[in-house]
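Novice: One file: upload_36.txt (compact mmCIF, N, CA and C atoms).
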```
# COMPACT_ATOMS: atom_id res chain seq x y z
N MET A 11 19.74 -1.18 3.42
CA MET A 11 19.67 -0.67 2.06
C MET A 11 18.30 -0.95 1.48
N ALA A 12 17.69 0.03 0.86
CA ALA A 12 16.35 -0.09 0.29
C ALA A 12 16.37 -0.97 -0.96
N ILE A 13 15.28 -1.70 -1.14
CA ILE A 13 15.10 -2.52 -2.34
C ILE A 13 14.73 -1.60 -3.49
N THR A 14 15.22 -1.92 -4.69
CA THR A 14 14.83 -1.17 -5.88
C THR A 14 13.95 -2.04 -6.76
N ARG A 15 13.14 -1.39 -7.57
CA ARG A 15 12.21 -2.10 -8.44
C ARG A 15 12.97 -2.72 -9.61
N ASN A 16 12.70 -4.01 -9.85
CA ASN A 16 13.28 -4.71 -10.99
C ASN A 16 12.37 -5.90 -11.32
N ARG A 17 12.74 -6.63 -12.35
CA ARG A 17 11.90 -7.76 -12.80
C ARG A 17 11.69 -8.80 -11.69
N GLY A 18 12.73 -9.10 -10.95
CA GLY A 18 12.62 -10.06 -9.85
C GLY A 18 11.65 -9.60 -8.77
N VAL A 19 11.72 -8.32 -8.42
CA VAL A 19 10.80 -7.77 -7.41
C VAL A 19 9.37 -7.84 -7.92
N GLU A 20 9.16 -7.48 -9.19
CA GLU A 20 7.81 -7.54 -9.78
C GLU A 20 7.26 -8.97 -9.75
N LEU A 21 8.09 -9.95 -10.12
CA LEU A 21 7.67 -11.34 -10.11
C LEU A 21 7.34 -11.79 -8.69
N PHE A 22 8.17 -11.39 -7.73
CA PHE A 22 7.90 -11.73 -6.33
C PHE A 22 6.52 -11.24 -5.90
N TRP A 23 6.18 -9.97 -6.19
CA TRP A 23 4.90 -9.41 -5.76
C TRP A 23 3.72 -10.08 -6.46
N GLN A 24 3.91 -10.50 -7.71
CA GLN A 24 2.84 -11.23 -8.41
C GLN A 24 2.55 -12.55 -7.70
N LEU A 25 3.60 -13.29 -7.39
CA LEU A 25 3.44 -14.56 -6.69
C LEU A 25 2.92 -14.34 -5.27
N HIS A 26 3.45 -13.34 -4.61
CA HIS A 26 3.07 -13.04 -3.23
C HIS A 26 1.57 -12.82 -3.09
N LYS A 27 0.98 -12.00 -3.96
CA LYS A 27 -0.45 -11.70 -3.80
C LYS A 27 -1.31 -12.94 -4.04
N ARG A 28 -0.87 -13.82 -4.93
CA ARG A 28 -1.63 -15.05 -5.16
C ARG A 28 -1.56 -15.99 -3.94
N LEU A 29 -0.36 -16.12 -3.38
CA LEU A 29 -0.22 -16.95 -2.19
C LEU A 29 -0.99 -16.36 -0.99
N TYR A 30 -0.95 -15.05 -0.85
CA TYR A 30 -1.66 -14.38 0.24
C TYR A 30 -3.16 -14.66 0.13
N ARG A 31 -3.72 -14.45 -1.09
CA ARG A 31 -5.16 -14.64 -1.29
C ARG A 31 -5.53 -16.11 -1.05
N TRP A 32 -4.74 -17.02 -1.63
CA TRP A 32 -5.01 -18.45 -1.51
C TRP A 32 -4.98 -18.91 -0.05
N SER A 33 -4.04 -18.39 0.71
CA SER A 33 -3.86 -18.83 2.10
C SER A 33 -4.61 -17.97 3.12
N ASN A 34 -5.40 -17.00 2.65
CA ASN A 34 -6.08 -16.06 3.56
C ASN A 34 -5.09 -15.35 4.46
N GLY A 35 -3.94 -14.99 3.89
CA GLY A 35 -2.95 -14.21 4.62
C GLY A 35 -2.05 -15.02 5.53
N ARG A 36 -2.20 -16.33 5.57
CA ARG A 36 -1.30 -17.13 6.40
C ARG A 36 0.11 -17.13 5.80
N ILE A 37 0.20 -16.99 4.48
CA ILE A 37 1.49 -16.87 3.80
C ILE A 37 1.63 -15.42 3.34
N GLY A 38 2.71 -14.78 3.73
CA GLY A 38 2.99 -13.42 3.26
C GLY A 38 2.34 -12.30 4.03
N ALA A 39 1.99 -12.54 5.28
CA ALA A 39 1.27 -11.52 6.06
C ALA A 39 2.16 -10.41 6.60
N HIS A 40 3.50 -10.57 6.50
CA HIS A 40 4.43 -9.53 6.97
C HIS A 40 5.59 -9.36 6.01
N MET A 41 6.05 -8.13 5.88
CA MET A 41 7.16 -7.81 4.99
C MET A 41 7.80 -6.51 5.49
N ALA A 42 9.11 -6.48 5.57
CA ALA A 42 9.84 -5.26 5.96
C ALA A 42 9.32 -4.67 7.27
N ASN A 43 9.10 -5.52 8.27
CA ASN A 43 8.62 -5.11 9.60
C ASN A 43 7.19 -4.58 9.62
N LEU A 44 6.45 -4.76 8.52
CA LEU A 44 5.07 -4.28 8.46
C LEU A 44 4.14 -5.40 8.01
N PRO A 45 2.87 -5.34 8.43
CA PRO A 45 1.90 -6.30 7.92
C PRO A 45 1.55 -5.99 6.47
N VAL A 46 0.95 -6.96 5.80
CA VAL A 46 0.60 -6.84 4.39
C VAL A 46 -0.90 -7.01 4.21
N LEU A 47 -1.48 -6.25 3.29
CA LEU A 47 -2.87 -6.41 2.90
C LEU A 47 -2.94 -6.50 1.38
N LEU A 48 -4.09 -6.94 0.88
CA LEU A 48 -4.35 -6.90 -0.55
C LEU A 48 -5.33 -5.78 -0.82
N LEU A 49 -5.02 -4.95 -1.79
CA LEU A 49 -5.87 -3.83 -2.19
C LEU A 49 -6.47 -4.16 -3.54
N ASP A 50 -7.81 -4.17 -3.60
CA ASP A 50 -8.53 -4.41 -4.86
C ASP A 50 -9.09 -3.10 -5.38
N THR A 51 -8.59 -2.69 -6.54
CA THR A 51 -9.07 -1.47 -7.20
C THR A 51 -9.58 -1.84 -8.59
N VAL A 52 -10.09 -0.81 -9.29
CA VAL A 52 -10.48 -0.95 -10.69
C VAL A 52 -9.64 0.04 -11.47
N GLY A 53 -9.05 -0.43 -12.57
CA GLY A 53 -8.23 0.45 -13.39
C GLY A 53 -9.00 1.68 -13.83
N ARG A 54 -8.46 2.85 -13.61
CA ARG A 54 -9.16 4.10 -13.89
C ARG A 54 -9.43 4.28 -15.37
N ARG A 55 -8.61 3.72 -16.23
CA ARG A 55 -8.82 3.84 -17.69
C ARG A 55 -9.37 2.55 -18.28
N SER A 56 -8.90 1.42 -17.81
CA SER A 56 -9.28 0.13 -18.39
C SER A 56 -10.58 -0.43 -17.84
N GLY A 57 -10.89 -0.09 -16.57
CA GLY A 57 -12.04 -0.69 -15.91
C GLY A 57 -11.79 -2.11 -15.46
N THR A 58 -10.54 -2.56 -15.56
CA THR A 58 -10.15 -3.93 -15.20
C THR A 58 -9.86 -4.02 -13.70
N PRO A 59 -10.37 -5.08 -13.04
CA PRO A 59 -10.04 -5.26 -11.63
C PRO A 59 -8.53 -5.46 -11.46
N ARG A 60 -7.97 -4.85 -10.42
CA ARG A 60 -6.54 -4.94 -10.12
C ARG A 60 -6.37 -5.29 -8.64
N THR A 61 -5.36 -6.08 -8.34
CA THR A 61 -5.03 -6.42 -6.95
C THR A 61 -3.56 -6.15 -6.72
N ASN A 62 -3.27 -5.47 -5.62
CA ASN A 62 -1.89 -5.20 -5.23
C ASN A 62 -1.68 -5.64 -3.79
N ALA A 63 -0.57 -6.31 -3.53
CA ALA A 63 -0.15 -6.62 -2.17
C ALA A 63 0.67 -5.44 -1.68
N LEU A 64 0.29 -4.86 -0.55
CA LEU A 64 0.95 -3.67 -0.03
C LEU A 64 1.23 -3.83 1.46
N THR A 65 2.37 -3.34 1.90
CA THR A 65 2.58 -3.24 3.33
C THR A 65 1.70 -2.11 3.85
N TYR A 66 1.32 -2.22 5.10
CA TYR A 66 0.49 -1.16 5.69
C TYR A 66 0.89 -0.93 7.13
N LEU A 67 0.48 0.23 7.60
CA LEU A 67 0.68 0.61 8.99
C LEU A 67 -0.70 0.65 9.65
N PRO A 68 -0.95 -0.18 10.66
CA PRO A 68 -2.22 -0.06 11.38
C PRO A 68 -2.32 1.34 12.01
N TRP A 69 -3.47 1.97 11.86
CA TRP A 69 -3.65 3.33 12.37
C TRP A 69 -5.03 3.45 12.99
N GLY A 70 -5.13 3.15 14.29
CA GLY A 70 -6.45 3.10 14.93
C GLY A 70 -7.25 1.98 14.28
N ASP A 71 -8.46 2.30 13.80
CA ASP A 71 -9.30 1.33 13.09
C ASP A 71 -9.02 1.33 11.60
N ALA A 72 -8.07 2.15 11.15
CA ALA A 72 -7.78 2.29 9.73
C ALA A 72 -6.47 1.58 9.36
N PHE A 73 -6.18 1.62 8.08
CA PHE A 73 -4.98 1.02 7.52
C PHE A 73 -4.31 2.06 6.65
N VAL A 74 -3.02 2.27 6.83
CA VAL A 74 -2.30 3.28 6.06
C VAL A 74 -1.37 2.58 5.07
N VAL A 75 -1.48 2.96 3.79
CA VAL A 75 -0.59 2.45 2.76
C VAL A 75 0.18 3.63 2.17
N ILE A 76 1.38 3.36 1.71
CA ILE A 76 2.28 4.41 1.25
C ILE A 76 2.57 4.20 -0.23
N ALA A 77 2.32 5.22 -1.04
CA ALA A 77 2.50 5.13 -2.50
C ALA A 77 3.94 5.47 -2.89
N SER A 78 4.88 4.73 -2.35
CA SER A 78 6.30 5.04 -2.57
C SER A 78 6.85 4.44 -3.85
N VAL A 79 6.36 3.28 -4.26
CA VAL A 79 6.90 2.51 -5.39
C VAL A 79 8.42 2.45 -5.30
N LEU A 80 8.92 2.20 -4.10
CA LEU A 80 10.36 2.05 -3.87
C LEU A 80 11.15 3.28 -4.32
N GLY A 81 10.55 4.46 -4.25
CA GLY A 81 11.26 5.69 -4.60
C GLY A 81 11.23 6.03 -6.08
N GLU A 82 10.38 5.38 -6.86
CA GLU A 82 10.25 5.66 -8.30
C GLU A 82 9.76 7.10 -8.50
N PRO A 83 10.01 7.67 -9.68
CA PRO A 83 9.62 9.06 -9.93
C PRO A 83 8.12 9.27 -10.14
N LYS A 84 7.36 8.20 -10.46
CA LYS A 84 5.93 8.34 -10.73
C LYS A 84 5.11 7.63 -9.66
N HIS A 85 3.89 8.13 -9.47
CA HIS A 85 2.96 7.47 -8.54
C HIS A 85 2.61 6.08 -9.07
N PRO A 86 2.36 5.14 -8.15
CA PRO A 86 1.94 3.81 -8.60
C PRO A 86 0.52 3.85 -9.18
N ALA A 87 0.24 2.93 -10.10
CA ALA A 87 -1.09 2.88 -10.72
C ALA A 87 -2.19 2.68 -9.68
N TRP A 88 -1.92 1.88 -8.64
CA TRP A 88 -2.96 1.65 -7.64
C TRP A 88 -3.38 2.94 -6.95
N TYR A 89 -2.42 3.83 -6.73
CA TYR A 89 -2.74 5.12 -6.10
C TYR A 89 -3.62 5.95 -7.03
N LEU A 90 -3.27 6.01 -8.30
CA LEU A 90 -4.08 6.77 -9.27
C LEU A 90 -5.48 6.18 -9.39
N ASN A 91 -5.58 4.86 -9.28
CA ASN A 91 -6.91 4.22 -9.28
C ASN A 91 -7.71 4.63 -8.06
N LEU A 92 -7.05 4.76 -6.89
CA LEU A 92 -7.74 5.20 -5.67
C LEU A 92 -8.22 6.64 -5.78
N VAL A 93 -7.42 7.49 -6.41
CA VAL A 93 -7.82 8.88 -6.61
C VAL A 93 -9.09 8.93 -7.47
N ALA A 94 -9.13 8.09 -8.51
CA ALA A 94 -10.29 8.06 -9.41
C ALA A 94 -11.51 7.45 -8.74
N ASN A 95 -11.30 6.46 -7.88
CA ASN A 95 -12.41 5.79 -7.20
C ASN A 95 -11.95 5.36 -5.81
N PRO A 96 -12.22 6.18 -4.79
CA PRO A 96 -11.71 5.90 -3.44
C PRO A 96 -12.45 4.79 -2.69
N LEU A 97 -13.59 4.32 -3.19
CA LEU A 97 -14.31 3.23 -2.54
C LEU A 97 -13.81 1.91 -3.10
N VAL A 98 -13.10 1.14 -2.28
CA VAL A 98 -12.46 -0.10 -2.72
C VAL A 98 -12.60 -1.18 -1.65
N ARG A 99 -12.03 -2.33 -1.94
CA ARG A 99 -12.02 -3.44 -0.97
C ARG A 99 -10.58 -3.80 -0.65
N ILE A 100 -10.37 -4.26 0.57
CA ILE A 100 -9.07 -4.79 0.97
C ILE A 100 -9.27 -6.16 1.59
N GLN A 101 -8.19 -6.92 1.62
CA GLN A 101 -8.15 -8.18 2.37
C GLN A 101 -7.02 -8.06 3.36
N VAL A 102 -7.33 -8.24 4.63
CA VAL A 102 -6.35 -8.24 5.71
C VAL A 102 -6.44 -9.62 6.34
N GLU A 103 -5.43 -10.44 6.03
CA GLU A 103 -5.44 -11.86 6.37
C GLU A 103 -6.73 -12.45 5.79
N ALA A 104 -7.63 -13.03 6.58
CA ALA A 104 -8.84 -13.65 6.03
C ALA A 104 -10.00 -12.66 5.90
N ARG A 105 -9.87 -11.46 6.50
CA ARG A 105 -10.97 -10.49 6.49
C ARG A 105 -10.99 -9.69 5.19
N ARG A 106 -12.17 -9.54 4.61
CA ARG A 106 -12.35 -8.70 3.42
C ARG A 106 -13.25 -7.54 3.84
N LEU A 107 -12.74 -6.34 3.58
CA LEU A 107 -13.40 -5.13 4.09
C LEU A 107 -13.60 -4.11 2.99
N ALA A 108 -14.71 -3.39 3.06
CA ALA A 108 -14.93 -2.24 2.19
C ALA A 108 -14.31 -1.03 2.88
N VAL A 109 -13.56 -0.23 2.13
CA VAL A 109 -12.90 0.94 2.69
C VAL A 109 -13.01 2.13 1.74
N ARG A 110 -12.81 3.31 2.31
CA ARG A 110 -12.72 4.55 1.54
C ARG A 110 -11.31 5.10 1.74
N ALA A 111 -10.67 5.43 0.64
CA ALA A 111 -9.30 5.96 0.69
C ALA A 111 -9.32 7.48 0.74
N ARG A 112 -8.40 8.02 1.54
CA ARG A 112 -8.18 9.47 1.55
C ARG A 112 -6.71 9.70 1.83
N GLU A 113 -6.19 10.80 1.31
CA GLU A 113 -4.78 11.10 1.53
C GLU A 113 -4.63 11.87 2.84
N ALA A 114 -3.70 11.42 3.66
CA ALA A 114 -3.40 12.12 4.91
C ALA A 114 -2.67 13.42 4.59
N GLU A 115 -2.98 14.46 5.33
CA GLU A 115 -2.37 15.78 5.12
C GLU A 115 -1.92 16.36 6.44
N GLY A 116 -1.09 17.37 6.36
CA GLY A 116 -0.70 18.16 7.52
C GLY A 116 -0.09 17.36 8.65
N ASP A 117 -0.53 17.69 9.88
CA ASP A 117 0.01 17.05 11.08
C ASP A 117 -0.23 15.55 11.09
N GLU A 118 -1.41 15.13 10.61
CA GLU A 118 -1.70 13.70 10.57
C GLU A 118 -0.68 12.98 9.70
N ARG A 119 -0.38 13.52 8.54
CA ARG A 119 0.59 12.91 7.63
C ARG A 119 1.97 12.82 8.30
N GLU A 120 2.38 13.87 8.96
CA GLU A 120 3.68 13.88 9.61
C GLU A 120 3.76 12.86 10.75
N ARG A 121 2.68 12.74 11.53
CA ARG A 121 2.66 11.75 12.61
C ARG A 121 2.75 10.34 12.05
N ILE A 122 1.99 10.08 11.00
CA ILE A 122 2.03 8.75 10.37
C ILE A 122 3.42 8.47 9.83
N TRP A 123 4.01 9.44 9.12
CA TRP A 123 5.33 9.23 8.53
C TRP A 123 6.38 8.92 9.60
N GLU A 124 6.30 9.64 10.72
CA GLU A 124 7.25 9.43 11.82
C GLU A 124 7.17 7.99 12.35
N VAL A 125 5.96 7.50 12.58
CA VAL A 125 5.76 6.13 13.06
C VAL A 125 6.22 5.13 11.98
N LEU A 126 5.89 5.41 10.74
CA LEU A 126 6.25 4.53 9.63
C LEU A 126 7.75 4.31 9.54
N VAL A 127 8.53 5.38 9.57
CA VAL A 127 9.98 5.22 9.41
C VAL A 127 10.63 4.57 10.63
N LYS A 128 9.99 4.65 11.79
CA LYS A 128 10.49 3.91 12.95
C LYS A 128 10.31 2.41 12.72
N GLU A 129 9.20 2.03 12.10
CA GLU A 129 8.92 0.62 11.83
C GLU A 129 9.69 0.10 10.62
N SER A 130 9.84 0.94 9.61
CA SER A 130 10.48 0.51 8.36
C SER A 130 11.28 1.69 7.78
N PRO A 131 12.53 1.85 8.19
CA PRO A 131 13.35 3.00 7.79
C PRO A 131 13.57 3.15 6.28
N ASP A 132 13.34 2.10 5.50
CA ASP A 132 13.50 2.21 4.05
C ASP A 132 12.65 3.32 3.45
N TYR A 133 11.51 3.63 4.06
CA TYR A 133 10.64 4.67 3.50
C TYR A 133 11.32 6.03 3.48
N GLU A 134 12.17 6.29 4.43
CA GLU A 134 12.91 7.56 4.43
C GLU A 134 13.88 7.58 3.25
N GLN A 135 14.48 6.44 2.94
CA GLN A 135 15.35 6.36 1.76
C GLN A 135 14.56 6.57 0.48
N TYR A 136 13.37 5.97 0.40
CA TYR A 136 12.53 6.14 -0.79
C TYR A 136 12.19 7.62 -0.99
N ARG A 137 11.90 8.32 0.10
CA ARG A 137 11.57 9.74 0.00
C ARG A 137 12.75 10.52 -0.56
N GLY A 138 13.97 10.14 -0.17
CA GLY A 138 15.16 10.80 -0.68
C GLY A 138 15.49 10.45 -2.12
N MET A 139 14.93 9.36 -2.63
CA MET A 139 15.22 8.91 -4.00
C MET A 139 14.31 9.54 -5.04
N THR A 140 13.24 10.18 -4.63
CA THR A 140 12.27 10.71 -5.59
C THR A 140 12.05 12.20 -5.37
N GLY A 141 11.70 12.89 -6.43
CA GLY A 141 11.40 14.31 -6.33
C GLY A 141 9.93 14.57 -6.04
N ARG A 142 9.12 13.53 -6.01
CA ARG A 142 7.68 13.72 -5.77
C ARG A 142 7.34 13.57 -4.29
N ARG A 143 6.24 14.12 -3.90
CA ARG A 143 5.74 13.95 -2.54
C ARG A 143 5.04 12.61 -2.48
N ILE A 144 5.55 11.70 -1.66
CA ILE A 144 4.99 10.35 -1.59
C ILE A 144 3.66 10.41 -0.85
N PRO A 145 2.58 9.96 -1.51
CA PRO A 145 1.27 9.97 -0.85
C PRO A 145 1.17 8.98 0.30
N VAL A 146 0.56 9.43 1.37
CA VAL A 146 0.26 8.62 2.55
C VAL A 146 -1.25 8.46 2.53
N VAL A 147 -1.72 7.24 2.32
CA VAL A 147 -3.15 6.99 2.09
C VAL A 147 -3.76 6.25 3.27
N VAL A 148 -4.82 6.80 3.81
CA VAL A 148 -5.55 6.20 4.91
C VAL A 148 -6.77 5.48 4.33
N LEU A 149 -6.89 4.21 4.67
CA LEU A 149 -8.04 3.39 4.23
C LEU A 149 -8.94 3.20 5.44
N GLU A 150 -10.13 3.81 5.38
CA GLU A 150 -11.07 3.76 6.50
C GLU A 150 -12.26 2.87 6.14
N ARG A 151 -12.65 2.05 7.09
CA ARG A 151 -13.77 1.13 6.86
C ARG A 151 -15.07 1.90 6.59
N VAL A 152 -15.89 1.32 5.71
CA VAL A 152 -17.21 1.87 5.43
C VAL A 152 -18.23 0.75 5.64
N GLY A 153 -19.46 1.18 5.92
CA GLY A 153 -20.54 0.20 6.01
C GLY A 153 -20.65 -0.53 7.24
```
Just give me the structure as structure tokens.
Specialist:
Amino acid sequence: MAITRNRGVELFWQLHKRLYRWSNGRIGAHMANLPVLLLDTVGRRSGTPRTNALTYLPWGDAFVVIASVLGEPKHPAWYLNLVANPLVRIQVEARRLAVRAREAEGDERERIWEVLVKESPDYEQYRGMTGRRIPVVVLERVG
């Protein structure tokens, strides 16, 4: 059964990202059969730095994150921040990397989604819970 967003889940993710950063990923490096990274963006309206802990799918030399928000009807703020500014930083365990975000489309998106739901079937449930097309975001290293 898929997890739904609530106050407890929000509190967990707030604590999780702090522990992950503090421990260089030794604490909280895996969740729901997937590894976890920290995504650092800048608020598209506020200009405030934001950090989100996200599960990801390794994809060659890239990292794929899914803007599902547990099947919520709206895109997550971090995704909208990436659309506004695709050049961001991530932390994968102790490594901090500069990346460029792009949305996967067509056959690439379908291949990624197929692998994703094999690893973490909850994503298929999230897709069924929302009327929006869940963005599949590829984070590719730069520099």
Novice: Please compute the CA of Met139 (chain A)-CA of His26 (chain A) distance, one decimal, in Å.
Specialist: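 We find that CA of Met139 (chain A) and CA of His26 (chain A) lie 25.1 Å from each other.
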Novice: From region 43-139 of chain A, collect each residue whose DSSP state is alpha helix (DSSP H) and return the set as number ranges by chain.
Specialist: A: 87-94, 116-129, 132-139
Novice: Which distance in Å separates CA of Arg143 (chain A) and CA of Gly38 (chain A), to one decimal?
Specialist: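 Distance reported for this atom pair: 28.1 Å.
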Novice: Please, what distance in Å, to one decimal, runs between atom C of Lys84 (chain A) and atom N of Leu47 (chain A)?
Specialist: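 It comes out at 20.1 Å.
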Novice: So, with all atoms listed in the file as the atoms that count, which of A:Gly153, A:Pro145, A:Pro131, A:Pro59 lies closest to Ala42 (chain A)?
Specialist: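 Of all the options, A:Pro131 lies closest to Ala42 (chain A).
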Novice: Between A:Arg142, A:Arg31, A:Lys128, A:Arg110, which has the minimum distance to Asn95 (chain A) (counting all atoms listed in the file)?
Specialist: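 Between A:Arg142, A:Arg31, A:Lys128, A:Arg110, the residue approaching Asn95 (chain A) most closely is A:Arg110.
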Novice: Please provide as a list in words all residues within 6 Å of region 61-76 of chain A, with the sequence filter that same-chain residues fewer than 3 positions apart are discarded (counting all atoms listed in the file).
Specialist: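 That gives Lys27, Leu44, Pro45, Val46, Leu47, Leu48, Leu49, Asp50, Thr51, Val79, Pro145, Val146, Val147, Val148, Leu149, Glu150 and Arg151 of chain A.
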Novice: Let me make sure I understand: among A:Val19, A:Leu80, A:Ile37, A:Leu29, which one has the smallest atom-to-atom distance to Arg137 (chain A) if we use all atoms listed in the file?
Specialist: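 Of the candidates, the smallest distance to Arg137 (chain A) is held by A:Leu80.
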Novice: Quick one: pick out all strand (DSSP E) residues within region 68-153 of chain A from a backbone DSSP run and write them as a list of chain:residue names.
Specialist: A:Pro68, A:Trp69, A:Ala72, A:Phe73, A:Val74, A:Val75, A:Ile76, A:Leu97, A:Val98, A:Arg99, A:Ile100, A:Gln101, A:Val102, A:Arg105, A:Arg106, A:Leu107, A:Ala108, A:Val109, A:Arg110, A:Ala111, A:Arg112, A:Glu113, A:Val146, A:Val147, A:Val148, A:Leu149, A:Glu150, A:Arg151
